[in-house]
Amino acid sequence: MNSFASSLLAWLLTYAIHSTVLLGLAWFVTRRWRLEPSATDLLWKVALLAPLVTGTIQSRLELSTPAAVRLPVATPATLADPGRQPGVGAPTLTDPASAVPETPGYRPGLANPTSSPVSFPLVLVLVWGVVALGSSLYYLARRLILVGRLADRRAVNEGPLAATLAELRQTTGYRRRVHLTMARTISSPVALGLSEICVPEMAVSELGMEQQRSMLAHELAHLARRDSLWLAGATLMERFFFFQPLNKLARRELETTAEYLSDEWAMQKTGSAVSLAKCLATVAEWIQASPLGVPVAGLAERRSLLVSRIARLLDARRVSSPASRLGWAAAALLGVVVTIAAAPRVSQGVAAVTGTSVDTTRTLPEVSSPLASRKAEAAPATQDTGVVNALIARLKDENASVRRAAAQSLGRLGDARAVTALIAVLADSDAEVRATVIDALSNLEDPRAIDPIVALLKDPETDVRHNALNALSHWERGVPTAPVIALLDDPDADVRREAVNLLDHLEARSAGPAIAKLIHDPNADVRRDVVEAMGNMHDQSGAAAITEALNDPNPDVRHEALDALNELKAPIAEATLLKMMTDVDPDVRQSAAHIAGDRSVIAAIPALRRLIDDPKSDVRESATEALGNIADPAARQALRAALQSPDPKVRRAAAEALGQDP
């Protein structure tokens, strides 16, 4: 045990040295030069994680660095009592014939291991372990409090906010599923995990449409960048390696760059820096103090950054350069290599055995290391097992809320040993427990859970069926499609919609005819997802159903139908396309103009010319670009007229189009 403690202490000290070097360099570089946020973000992430790698590589390869340091180790018990003479009751290593019979706890030539004193490295390692564990558990407790505060959040599947998020996902090309929720217990929008955006209730009543769009784009950027995982990991490192204060600085810097880069991403995708700046100012008024207690990827969790973020949004120099990030990435890699080759390494001390007839060059690690290592490796597993087993036991608690909490915790821990126990609880009498267990199993992503979850697609409770469909989307293969297709006739619109999305995720082209039957579903969101799914399946047989959706009363469905037909390269009647260019919805008019240009529809030139004066700027710009794609004298004449437009975007697009070959 003492040998293992000495090895671990040596690694921790090596980590302390390497992390100080790399984090200090990151601090110096970012303060010395005004780097772009993307480069700053990269340097701090490398500096935070690299010491774990460099220290381990040095220790495993036992590199002889220029400034290697060896820990001093106290001399253990002697092999022979100096007061005894060889042959008088004390065997020596040089006299094999004098060996005594081996007894429990005693090894020839070594002092009794049960009497060896506790070493100083062991004390230090134990102190570090207790403090690190306590600090980490405190952080996890704060996370659980946050989860409890957000327990009453509700899903937002319909309405303008959900439609705006769907439109953002489409325009930005963000393919991962996103869950939009709303809570009254938070004051700032936050990105939770890898797939959830939670907004305060005030966002609906006090933010305009453009501000809501900027807000959702910012949080979508956090999900795309996986900022929640980075912040959680950085916080755990800050607490686990509490003796390195620069880890806290790194975590704060990552929070800052995450906000700057998410602002940039949102501004680029929405094209409106002003609306995001106004949104930041409005949300800041709702917040009196940091409300959540742990670092999260939120729109305005750090009020101290708001002034600089708003100024940066309104500054002309705000877009990061990929070339700059690439250059600093090479510099960071070089720094890591140099650290491995030249940074000091602390190694385990070698304890010499003393005695009257013993060679002091002989050492003990070969004797004690294997047993100590096995005990050390078993300790964390035993501890984890205790936690997991305790939670598994609570899955049978008489109180349903306790069973739900235990299932949630097991899902978050991600321990595969809980899979079998969770599957057994899928038969729980409480519907909320069943729904929670489904979510927990989806987080574990163990294939053994697929069939039991599929069985719950026939559950009498709507929430259970909905959660089961959502959970099955975590697997790419192995999910049978027949039970999912059966839910396309479910009486609940959310279940039908989730079934369509799951079949789309599974790329189940055989389900195309069944999905097409929902093209006239009473729920507009279901119809929109049906059109999107049929477009994603790239099956020309669905073009007829999608064409029907061009006459849908909901503009989102009509817009999705146009995009799907364009994706399928399916024919669209000129009369229909001209009709869509006069649609009341600007997004539909814009898509119709874009398709007319892509397909060089000469008959659409008069309609495109009228759209140059459309009330919406994006429609005017798309119509001008479409005219530039039609090789016809009438189109070029319309472009020359567009040079006089009061809209600079139209004038720019017309000028660019006229410079191309007719």
# chains A, B, ... in the order shown; residues from 1 in each chain; ligands from 1
$ residues_around --residues "segment 576-579 of chain A" --least-positions-apart "2" --cutoff "8 Å" --atoms "only C-alpha atoms" --output "list in words"
Ile572, Ala573, Glu574, Met581, Thr582, Asp583, Ala592, Ala596, Ala604 and Ala607 of chain A
$ closest_atom_pairs --of "segment 457-486 of chain A" --to "segment 155-163 of chain A" --cutoff "12 Å" --atoms "only C-alpha atoms" --output "tab-separated table"
residue	atom	partner	partner_atom	distance
A:Asp463	CA	A:Ala155	CA	11.4
A:His466	CA	A:Ala155	CA	11.8
A:Asn467	CA	A:Ala155	CA	11.9
$ write_last_selection --atoms "all heavy atoms" --output "mmCIF file, in the first residue's frame"
data_model
loop_
_atom_site.group_PDB
_atom_site.id
_atom_site.type_symbol
_atom_site.label_atom_id
_atom_site.label_comp_id
_atom_site.auth_asym_id
_atom_site.auth_seq_id
_atom_site.Cartn_x
_atom_site.Cartn_y
_atom_site.Cartn_z
ATOM 1 N N ASP A 463 -47.280 9.270 -21.736
ATOM 2 C CA ASP A 463 -45.907 9.702 -21.455
ATOM 3 C C ASP A 463 -44.920 8.550 -21.572
ATOM 4 O O ASP A 463 -43.776 8.744 -22.002
ATOM 5 C CB ASP A 463 -45.824 10.318 -20.051
ATOM 6 C CG ASP A 463 -46.499 11.672 -19.980
ATOM 7 O OD1 ASP A 463 -46.743 12.266 -21.046
ATOM 8 O OD2 ASP A 463 -46.787 12.135 -18.858
ATOM 9 N N HIS A 466 -44.363 7.899 -25.251
ATOM 10 C CA HIS A 466 -43.568 8.999 -25.811
ATOM 11 C C HIS A 466 -42.102 8.860 -25.405
ATOM 12 O O HIS A 466 -41.190 8.982 -26.240
ATOM 13 C CB HIS A 466 -44.137 10.328 -25.325
ATOM 14 C CG HIS A 466 -43.428 11.530 -25.865
ATOM 15 N ND1 HIS A 466 -42.285 12.041 -25.268
ATOM 16 C CD2 HIS A 466 -43.662 12.307 -26.952
ATOM 17 C CE1 HIS A 466 -41.872 13.084 -25.966
ATOM 18 N NE2 HIS A 466 -42.683 13.265 -26.990
ATOM 19 N N ASN A 467 -41.837 8.597 -24.121
ATOM 20 C CA ASN A 467 -40.458 8.447 -23.658
ATOM 21 C C ASN A 467 -39.786 7.232 -24.286
ATOM 22 O O ASN A 467 -38.577 7.249 -24.564
ATOM 23 C CB ASN A 467 -40.426 8.328 -22.135
ATOM 24 C CG ASN A 467 -40.611 9.663 -21.452
ATOM 25 O OD1 ASN A 467 -41.177 10.586 -22.032
ATOM 26 N ND2 ASN A 467 -40.141 9.791 -20.224
#
$ closest_residue --among "A:His474, A:Arg496, A:Arg509, A:Arg177" --to "Leu457 of chain A" --atoms "only C-alpha atoms"
A:Arg496
$ residues_around --residues "Pro571 of chain A" --least-positions-apart "4" --cutoff "12 Å" --atoms "only C-alpha atoms" --output "PyMOL selection string"
chain A and resi 540+543-544+546-547+562+564-567+575-577+595-596+599+601
$ write_last_selection --atoms "N, CA, C and O atoms" --output "PDB file, in the first residue's frame"
ATOM      1  N   GLN A 540     -38.608   8.807 -54.071  1.00  0.00           N
ATOM      2  CA  GLN A 540     -39.441   9.555 -55.015  1.00  0.00           C
ATOM      3  C   GLN A 540     -40.918   9.193 -54.893  1.00  0.00           C
ATOM      4  O   GLN A 540     -41.794   9.975 -55.292  1.00  0.00           O
ATOM      5  N   ALA A 543     -43.139  11.784 -53.281  1.00  0.00           N
ATOM      6  CA  ALA A 543     -43.260  13.131 -53.848  1.00  0.00           C
ATOM      7  C   ALA A 543     -44.715  13.557 -53.997  1.00  0.00           C
ATOM      8  O   ALA A 543     -45.057  14.734 -53.799  1.00  0.00           O
ATOM      9  N   ALA A 544     -45.595  12.622 -54.329  1.00  0.00           N
ATOM     10  CA  ALA A 544     -47.006  12.980 -54.527  1.00  0.00           C
ATOM     11  C   ALA A 544     -47.626  13.484 -53.229  1.00  0.00           C
ATOM     12  O   ALA A 544     -48.355  14.485 -53.210  1.00  0.00           O
ATOM     13  N   ILE A 546     -46.010  14.761 -50.688  1.00  0.00           N
ATOM     14  CA  ILE A 546     -45.385  16.038 -50.334  1.00  0.00           C
ATOM     15  C   ILE A 546     -45.989  17.165 -51.155  1.00  0.00           C
ATOM     16  O   ILE A 546     -46.199  18.281 -50.660  1.00  0.00           O
ATOM     17  N   THR A 547     -46.286  16.885 -52.427  1.00  0.00           N
ATOM     18  CA  THR A 547     -46.906  17.907 -53.286  1.00  0.00           C
ATOM     19  C   THR A 547     -48.258  18.335 -52.728  1.00  0.00           C
ATOM     20  O   THR A 547     -48.624  19.517 -52.785  1.00  0.00           O
ATOM     21  N   LEU A 562     -41.873  22.497 -49.777  1.00  0.00           N
ATOM     22  CA  LEU A 562     -41.053  23.040 -50.856  1.00  0.00           C
ATOM     23  C   LEU A 562     -39.612  22.556 -50.744  1.00  0.00           C
ATOM     24  O   LEU A 562     -39.003  22.115 -51.728  1.00  0.00           O
ATOM     25  N   ALA A 564     -38.513  19.915 -49.211  1.00  0.00           N
ATOM     26  CA  ALA A 564     -38.422  18.468 -49.429  1.00  0.00           C
ATOM     27  C   ALA A 564     -38.480  18.128 -50.912  1.00  0.00           C
ATOM     28  O   ALA A 564     -37.711  17.285 -51.403  1.00  0.00           O
ATOM     29  N   LEU A 565     -39.371  18.778 -51.658  1.00  0.00           N
ATOM     30  CA  LEU A 565     -39.458  18.525 -53.102  1.00  0.00           C
ATOM     31  C   LEU A 565     -38.179  18.950 -53.806  1.00  0.00           C
ATOM     32  O   LEU A 565     -37.718  18.289 -54.749  1.00  0.00           O
ATOM     33  N   ASN A 566     -37.600  20.037 -53.351  1.00  0.00           N
ATOM     34  CA  ASN A 566     -36.338  20.481 -53.946  1.00  0.00           C
ATOM     35  C   ASN A 566     -35.219  19.497 -53.637  1.00  0.00           C
ATOM     36  O   ASN A 566     -34.369  19.208 -54.481  1.00  0.00           O
ATOM     37  N   GLU A 567     -35.231  18.965 -52.411  1.00  0.00           N
ATOM     38  CA  GLU A 567     -34.220  17.980 -52.021  1.00  0.00           C
ATOM     39  C   GLU A 567     -34.352  16.705 -52.859  1.00  0.00           C
ATOM     40  O   GLU A 567     -33.355  16.084 -53.234  1.00  0.00           O
ATOM     41  N   ALA A 575     -47.132  26.584 -62.463  1.00  0.00           N
ATOM     42  CA  ALA A 575     -48.257  27.333 -61.885  1.00  0.00           C
ATOM     43  C   ALA A 575     -48.232  27.244 -60.364  1.00  0.00           C
ATOM     44  O   ALA A 575     -48.490  28.232 -59.658  1.00  0.00           O
ATOM     45  N   THR A 576     -47.877  26.057 -59.850  1.00  0.00           N
ATOM     46  CA  THR A 576     -47.801  25.882 -58.393  1.00  0.00           C
ATOM     47  C   THR A 576     -46.674  26.718 -57.809  1.00  0.00           C
ATOM     48  O   THR A 576     -46.830  27.372 -56.771  1.00  0.00           O
ATOM     49  N   LEU A 577     -45.528  26.706 -58.502  1.00  0.00           N
ATOM     50  CA  LEU A 577     -44.385  27.467 -58.007  1.00  0.00           C
ATOM     51  C   LEU A 577     -44.681  28.966 -58.003  1.00  0.00           C
ATOM     52  O   LEU A 577     -44.328  29.683 -57.051  1.00  0.00           O
ATOM     53  N   ILE A 595     -35.984  28.087 -55.476  1.00  0.00           N
ATOM     54  CA  ILE A 595     -36.186  26.945 -56.380  1.00  0.00           C
ATOM     55  C   ILE A 595     -36.333  27.425 -57.822  1.00  0.00           C
ATOM     56  O   ILE A 595     -35.796  26.813 -58.757  1.00  0.00           O
ATOM     57  N   ALA A 596     -37.050  28.529 -58.026  1.00  0.00           N
ATOM     58  CA  ALA A 596     -37.216  29.050 -59.385  1.00  0.00           C
ATOM     59  C   ALA A 596     -35.868  29.405 -59.996  1.00  0.00           C
ATOM     60  O   ALA A 596     -35.628  29.180 -61.191  1.00  0.00           O
ATOM     61  N   ARG A 599     -33.853  26.122 -60.786  1.00  0.00           N
ATOM     62  CA  ARG A 599     -34.383  25.359 -61.919  1.00  0.00           C
ATOM     63  C   ARG A 599     -34.535  26.214 -63.175  1.00  0.00           C
ATOM     64  O   ARG A 599     -35.081  25.747 -64.172  1.00  0.00           O
ATOM     65  N   VAL A 601     -36.492  28.712 -64.073  1.00  0.00           N
ATOM     66  CA  VAL A 601     -37.879  28.795 -64.539  1.00  0.00           C
ATOM     67  C   VAL A 601     -38.089  30.187 -65.149  1.00  0.00           C
ATOM     68  O   VAL A 601     -38.251  31.178 -64.431  1.00  0.00           O
TER      69      VAL A 601
END
$ select_by_dssp --residues "segment 170-215 of chain A" --states "helix (DSSP H, G or I)" --output "MDAnalysis selection string"
chainID A and resid 170:172 202:206 209:215
$ closest_residue --among "A:Asp618, A:Ala634, A:Arg558, A:Arg169" --to "Lys649 of chain A" --atoms "only C-alpha atoms"
A:Asp618
$ residues_around --residues "Ser442 of chain A" --least-positions-apart "5" --cutoff "9 Å" --atoms "only C-alpha atoms" --output "ChimeraX atom specification"
/A:411,437,449-450,468,470-475
$ closest_residue --among "A:His18, A:Lys248, A:Arg448, A:Arg176" --to "Arg226 of chain A" --atoms "only C-alpha atoms"
A:Arg176
$ atom_distance --atom1 "atom CA of Asn629 of chain A" --atom2 "atom CA of Ala545 of chain A"
28.8 Å
$ residues_around --residues "Gln58 of chain A" --least-positions-apart "3" --cutoff "12 Å" --atoms "only C-alpha atoms" --output "PyMOL selection string"
chain A and resi 10-11+14-15+18+51-55+61-65+68+336-347
$ closest_residue --among "A:Leu216, A:Leu48, A:Ala638, A:Ala221" --to "Leu194 of chain A" --atoms "only C-alpha atoms"
A:Ala221
$ closest_residue --among "A:Ser187, A:Thr56, A:Ser6, A:Thr164" --to "Leu126 of chain A" --atoms "only C-alpha atoms"
A:Ser6
$ select_by_dssp --residues "segment 103-295 of chain A" --states "strand (DSSP E)" --output "VMD selection string"
chain A and resid 154 to 155 179 to 183 190 to 192 196 to 200
$ write_last_selection --atoms "N, CA and C atoms" --output "PDB file, in the first residue's frame"
ATOM      1  N   ARG A 154     -41.430  21.837 -18.251  1.00  0.00           N
ATOM      2  CA  ARG A 154     -42.331  21.137 -19.170  1.00  0.00           C
ATOM      3  C   ARG A 154     -41.819  21.256 -20.603  1.00  0.00           C
ATOM      4  N   ALA A 155     -42.143  20.259 -21.394  1.00  0.00           N
ATOM      5  CA  ALA A 155     -41.705  20.244 -22.790  1.00  0.00           C
ATOM      6  C   ALA A 155     -42.499  21.268 -23.600  1.00  0.00           C
ATOM      7  N   HIS A 179     -34.359  18.965 -27.378  1.00  0.00           N
ATOM      8  CA  HIS A 179     -35.574  19.043 -26.578  1.00  0.00           C
ATOM      9  C   HIS A 179     -35.685  20.463 -26.016  1.00  0.00           C
ATOM     10  N   LEU A 180     -36.791  21.098 -26.284  1.00  0.00           N
ATOM     11  CA  LEU A 180     -37.038  22.451 -25.781  1.00  0.00           C
ATOM     12  C   LEU A 180     -37.976  22.358 -24.589  1.00  0.00           C
ATOM     13  N   THR A 181     -37.535  22.896 -23.448  1.00  0.00           N
ATOM     14  CA  THR A 181     -38.351  22.880 -22.238  1.00  0.00           C
ATOM     15  C   THR A 181     -38.465  24.290 -21.681  1.00  0.00           C
ATOM     16  N   MET A 182     -39.402  24.461 -20.749  1.00  0.00           N
ATOM     17  CA  MET A 182     -39.635  25.770 -20.147  1.00  0.00           C
ATOM     18  C   MET A 182     -39.811  25.573 -18.641  1.00  0.00           C
ATOM     19  N   ALA A 183     -39.224  26.478 -17.858  1.00  0.00           N
ATOM     20  CA  ALA A 183     -39.308  26.394 -16.397  1.00  0.00           C
ATOM     21  C   ALA A 183     -39.539  27.783 -15.829  1.00  0.00           C
ATOM     22  N   VAL A 190     -30.684  28.197 -20.514  1.00  0.00           N
ATOM     23  CA  VAL A 190     -29.508  27.365 -20.326  1.00  0.00           C
ATOM     24  C   VAL A 190     -29.575  26.160 -21.250  1.00  0.00           C
ATOM     25  N   ALA A 191     -28.387  25.668 -21.625  1.00  0.00           N
ATOM     26  CA  ALA A 191     -28.268  24.415 -22.376  1.00  0.00           C
ATOM     27  C   ALA A 191     -27.932  23.317 -21.384  1.00  0.00           C
ATOM     28  N   LEU A 192     -28.740  22.279 -21.345  1.00  0.00           N
ATOM     29  CA  LEU A 192     -28.561  21.188 -20.390  1.00  0.00           C
ATOM     30  C   LEU A 192     -28.128  19.936 -21.130  1.00  0.00           C
ATOM     31  N   GLU A 196     -30.733  19.430 -24.681  1.00  0.00           N
ATOM     32  CA  GLU A 196     -31.886  20.142 -24.117  1.00  0.00           C
ATOM     33  C   GLU A 196     -31.590  21.625 -23.966  1.00  0.00           C
ATOM     34  N   ILE A 197     -32.565  22.430 -24.331  1.00  0.00           N
ATOM     35  CA  ILE A 197     -32.537  23.864 -24.091  1.00  0.00           C
ATOM     36  C   ILE A 197     -33.712  24.197 -23.185  1.00  0.00           C
ATOM     37  N   CYS A 198     -33.417  24.798 -22.042  1.00  0.00           N
ATOM     38  CA  CYS A 198     -34.451  25.171 -21.086  1.00  0.00           C
ATOM     39  C   CYS A 198     -34.516  26.695 -21.008  1.00  0.00           C
ATOM     40  N   VAL A 199     -35.690  27.255 -21.210  1.00  0.00           N
ATOM     41  CA  VAL A 199     -35.857  28.706 -21.220  1.00  0.00           C
ATOM     42  C   VAL A 199     -36.805  29.108 -20.105  1.00  0.00           C
ATOM     43  N   PRO A 200     -36.649  30.319 -19.561  1.00  0.00           N
ATOM     44  CA  PRO A 200     -37.585  30.792 -18.541  1.00  0.00           C
ATOM     45  C   PRO A 200     -38.921  31.174 -19.157  1.00  0.00           C
TER      46      PRO A 200
END
$ residues_around --residues "Trp265 of chain A" --least-positions-apart "6" --cutoff "10 Å" --atoms "only C-alpha atoms" --output "list in words"
Thr172, Ala217, His218, Glu219, Leu220, Ala221, His222, Ala224, Arg225, Glu259, Gly271, Val319 and Ser320 of chain A
$ residues_around --residues "Thr40 of chain A" --least-positions-apart "2" --cutoff "10 Å" --atoms "only C-alpha atoms" --output "list of chain:residue names"
A:Ala26, A:Trp27, A:Val29, A:Thr30, A:Arg31, A:Arg34, A:Leu35, A:Glu36, A:Pro37, A:Ser38, A:Leu42, A:Leu43, A:Trp44, A:Lys45, A:Glu253, A:Leu254, A:Thr256, A:Thr257, A:Arg325, A:Trp328
$ write_last_selection --atoms "N, CA, C and O atoms" --output "PDB file, in the first residue's frame"
ATOM      1  N   ALA A  26      -0.484  29.213 -20.990  1.00  0.00           N
ATOM      2  CA  ALA A  26      -1.755  29.651 -21.571  1.00  0.00           C
ATOM      3  C   ALA A  26      -2.143  31.026 -21.039  1.00  0.00           C
ATOM      4  O   ALA A  26      -2.598  31.898 -21.789  1.00  0.00           O
ATOM      5  N   TRP A  27      -1.958  31.226 -19.743  1.00  0.00           N
ATOM      6  CA  TRP A  27      -2.276  32.530 -19.159  1.00  0.00           C
ATOM      7  C   TRP A  27      -1.389  33.623 -19.756  1.00  0.00           C
ATOM      8  O   TRP A  27      -1.869  34.697 -20.121  1.00  0.00           O
ATOM      9  N   VAL A  29       0.280  33.672 -22.684  1.00  0.00           N
ATOM     10  CA  VAL A  29       0.020  33.922 -24.103  1.00  0.00           C
ATOM     11  C   VAL A  29      -1.274  34.698 -24.295  1.00  0.00           C
ATOM     12  O   VAL A  29      -1.342  35.652 -25.083  1.00  0.00           O
ATOM     13  N   THR A  30      -2.326  34.292 -23.571  1.00  0.00           N
ATOM     14  CA  THR A  30      -3.617  34.969 -23.755  1.00  0.00           C
ATOM     15  C   THR A  30      -3.616  36.381 -23.195  1.00  0.00           C
ATOM     16  O   THR A  30      -4.433  37.212 -23.601  1.00  0.00           O
ATOM     17  N   ARG A  31      -2.726  36.665 -22.237  1.00  0.00           N
ATOM     18  CA  ARG A  31      -2.632  38.034 -21.717  1.00  0.00           C
ATOM     19  C   ARG A  31      -1.672  38.885 -22.543  1.00  0.00           C
ATOM     20  O   ARG A  31      -1.852  40.092 -22.663  1.00  0.00           O
ATOM     21  N   ARG A  34      -3.664  39.631 -27.856  1.00  0.00           N
ATOM     22  CA  ARG A  34      -5.125  39.654 -27.905  1.00  0.00           C
ATOM     23  C   ARG A  34      -5.606  38.604 -28.916  1.00  0.00           C
ATOM     24  O   ARG A  34      -5.761  38.885 -30.109  1.00  0.00           O
ATOM     25  N   LEU A  35      -5.803  37.397 -28.437  1.00  0.00           N
ATOM     26  CA  LEU A  35      -6.175  36.300 -29.327  1.00  0.00           C
ATOM     27  C   LEU A  35      -7.677  36.301 -29.577  1.00  0.00           C
ATOM     28  O   LEU A  35      -8.467  36.821 -28.787  1.00  0.00           O
ATOM     29  N   GLU A  36      -8.056  35.691 -30.677  1.00  0.00           N
ATOM     30  CA  GLU A  36      -9.466  35.490 -30.955  1.00  0.00           C
ATOM     31  C   GLU A  36     -10.022  34.455 -29.979  1.00  0.00           C
ATOM     32  O   GLU A  36      -9.294  33.582 -29.498  1.00  0.00           O
ATOM     33  N   PRO A  37     -11.315  34.529 -29.663  1.00  0.00           N
ATOM     34  CA  PRO A  37     -11.882  33.578 -28.698  1.00  0.00           C
ATOM     35  C   PRO A  37     -11.663  32.117 -29.069  1.00  0.00           C
ATOM     36  O   PRO A  37     -11.466  31.289 -28.195  1.00  0.00           O
ATOM     37  N   SER A  38     -11.707  31.798 -30.356  1.00  0.00           N
ATOM     38  CA  SER A  38     -11.523  30.397 -30.751  1.00  0.00           C
ATOM     39  C   SER A  38     -10.125  29.900 -30.401  1.00  0.00           C
ATOM     40  O   SER A  38      -9.953  28.776 -29.940  1.00  0.00           O
ATOM     41  N   LEU A  42      -9.124  27.106 -27.461  1.00  0.00           N
ATOM     42  CA  LEU A  42      -8.281  25.944 -27.759  1.00  0.00           C
ATOM     43  C   LEU A  42      -7.112  25.840 -26.787  1.00  0.00           C
ATOM     44  O   LEU A  42      -6.829  24.773 -26.238  1.00  0.00           O
ATOM     45  N   LEU A  43      -6.413  26.963 -26.548  1.00  0.00           N
ATOM     46  CA  LEU A  43      -5.239  26.937 -25.681  1.00  0.00           C
ATOM     47  C   LEU A  43      -5.610  26.521 -24.260  1.00  0.00           C
ATOM     48  O   LEU A  43      -4.901  25.721 -23.630  1.00  0.00           O
ATOM     49  N   TRP A  44      -6.706  27.041 -23.732  1.00  0.00           N
ATOM     50  CA  TRP A  44      -7.080  26.693 -22.357  1.00  0.00           C
ATOM     51  C   TRP A  44      -7.531  25.239 -22.257  1.00  0.00           C
ATOM     52  O   TRP A  44      -7.262  24.571 -21.243  1.00  0.00           O
ATOM     53  N   LYS A  45      -8.198  24.724 -23.263  1.00  0.00           N
ATOM     54  CA  LYS A  45      -8.616  23.320 -23.223  1.00  0.00           C
ATOM     55  C   LYS A  45      -7.399  22.393 -23.266  1.00  0.00           C
ATOM     56  O   LYS A  45      -7.334  21.401 -22.536  1.00  0.00           O
ATOM     57  N   GLU A 253     -12.052  30.887 -17.774  1.00  0.00           N
ATOM     58  CA  GLU A 253     -11.745  31.303 -19.139  1.00  0.00           C
ATOM     59  C   GLU A 253     -12.570  30.510 -20.146  1.00  0.00           C
ATOM     60  O   GLU A 253     -13.014  31.050 -21.168  1.00  0.00           O
ATOM     61  N   LEU A 254     -12.787  29.235 -19.881  1.00  0.00           N
ATOM     62  CA  LEU A 254     -13.620  28.424 -20.784  1.00  0.00           C
ATOM     63  C   LEU A 254     -15.069  28.910 -20.770  1.00  0.00           C
ATOM     64  O   LEU A 254     -15.742  28.904 -21.805  1.00  0.00           O
ATOM     65  N   THR A 256     -15.928  31.989 -20.320  1.00  0.00           N
ATOM     66  CA  THR A 256     -15.933  33.243 -21.075  1.00  0.00           C
ATOM     67  C   THR A 256     -15.902  32.986 -22.573  1.00  0.00           C
ATOM     68  O   THR A 256     -16.702  33.533 -23.338  1.00  0.00           O
ATOM     69  N   THR A 257     -14.961  32.144 -23.021  1.00  0.00           N
ATOM     70  CA  THR A 257     -14.851  31.897 -24.463  1.00  0.00           C
ATOM     71  C   THR A 257     -16.083  31.163 -24.994  1.00  0.00           C
ATOM     72  O   THR A 257     -16.470  31.368 -26.148  1.00  0.00           O
ATOM     73  N   ARG A 325      -6.833  29.821 -35.513  1.00  0.00           N
ATOM     74  CA  ARG A 325      -7.005  28.678 -34.612  1.00  0.00           C
ATOM     75  C   ARG A 325      -6.075  27.538 -35.004  1.00  0.00           C
ATOM     76  O   ARG A 325      -5.497  26.873 -34.138  1.00  0.00           O
ATOM     77  N   TRP A 328      -2.471  28.304 -33.794  1.00  0.00           N
ATOM     78  CA  TRP A 328      -2.306  28.128 -32.350  1.00  0.00           C
ATOM     79  C   TRP A 328      -2.448  26.672 -31.952  1.00  0.00           C
ATOM     80  O   TRP A 328      -1.859  26.240 -30.941  1.00  0.00           O
TER      81      TRP A 328
END
$ decode --residues "segment 148-160 of chain A" --atoms "N, CA and C atoms" --output "PDB file, in the first residue's frame"
ATOM      1  N   GLY A 148     -33.208  19.156  -9.251  1.00  0.00           N
ATOM      2  CA  GLY A 148     -34.447  19.263  -8.498  1.00  0.00           C
ATOM      3  C   GLY A 148     -35.196  20.549  -8.769  1.00  0.00           C
ATOM      4  N   ARG A 149     -34.450  21.645  -8.937  1.00  0.00           N
ATOM      5  CA  ARG A 149     -35.097  22.924  -9.216  1.00  0.00           C
ATOM      6  C   ARG A 149     -35.761  22.940 -10.590  1.00  0.00           C
ATOM      7  N   LEU A 150     -35.215  22.138 -11.489  1.00  0.00           N
ATOM      8  CA  LEU A 150     -35.772  22.106 -12.838  1.00  0.00           C
ATOM      9  C   LEU A 150     -36.709  20.925 -13.056  1.00  0.00           C
ATOM     10  N   ALA A 151     -37.082  20.258 -11.961  1.00  0.00           N
ATOM     11  CA  ALA A 151     -37.899  19.051 -12.104  1.00  0.00           C
ATOM     12  C   ALA A 151     -39.277  19.347 -12.683  1.00  0.00           C
ATOM     13  N   ASP A 152     -39.757  20.572 -12.473  1.00  0.00           N
ATOM     14  CA  ASP A 152     -41.109  20.879 -12.950  1.00  0.00           C
ATOM     15  C   ASP A 152     -41.132  21.476 -14.349  1.00  0.00           C
ATOM     16  N   ARG A 153     -39.988  21.469 -15.027  1.00  0.00           N
ATOM     17  CA  ARG A 153     -39.975  22.040 -16.373  1.00  0.00           C
ATOM     18  C   ARG A 153     -40.832  21.186 -17.307  1.00  0.00           C
ATOM     19  N   ARG A 154     -41.430  21.837 -18.251  1.00  0.00           N
ATOM     20  CA  ARG A 154     -42.331  21.137 -19.170  1.00  0.00           C
ATOM     21  C   ARG A 154     -41.819  21.256 -20.603  1.00  0.00           C
ATOM     22  N   ALA A 155     -42.143  20.259 -21.394  1.00  0.00           N
ATOM     23  CA  ALA A 155     -41.705  20.244 -22.790  1.00  0.00           C
ATOM     24  C   ALA A 155     -42.499  21.268 -23.600  1.00  0.00           C
ATOM     25  N   VAL A 156     -41.800  21.910 -24.535  1.00  0.00           N
ATOM     26  CA  VAL A 156     -42.433  22.857 -25.452  1.00  0.00           C
ATOM     27  C   VAL A 156     -42.346  22.256 -26.848  1.00  0.00           C
ATOM     28  N   ASN A 157     -43.437  21.658 -27.291  1.00  0.00           N
ATOM     29  CA  ASN A 157     -43.453  20.979 -28.580  1.00  0.00           C
ATOM     30  C   ASN A 157     -44.240  21.727 -29.645  1.00  0.00           C
ATOM     31  N   GLU A 158     -45.003  22.724 -29.219  1.00  0.00           N
ATOM     32  CA  GLU A 158     -45.811  23.474 -30.160  1.00  0.00           C
ATOM     33  C   GLU A 158     -45.675  24.954 -29.880  1.00  0.00           C
ATOM     34  N   GLY A 159     -46.123  25.749 -30.821  1.00  0.00           N
ATOM     35  CA  GLY A 159     -46.108  27.189 -30.637  1.00  0.00           C
ATOM     36  C   GLY A 159     -44.959  27.859 -31.367  1.00  0.00           C
ATOM     37  N   PRO A 160     -44.894  29.183 -31.304  1.00  0.00           N
ATOM     38  CA  PRO A 160     -43.865  29.938 -32.041  1.00  0.00           C
ATOM     39  C   PRO A 160     -42.444  29.591 -31.615  1.00  0.00           C
TER      40      PRO A 160
END
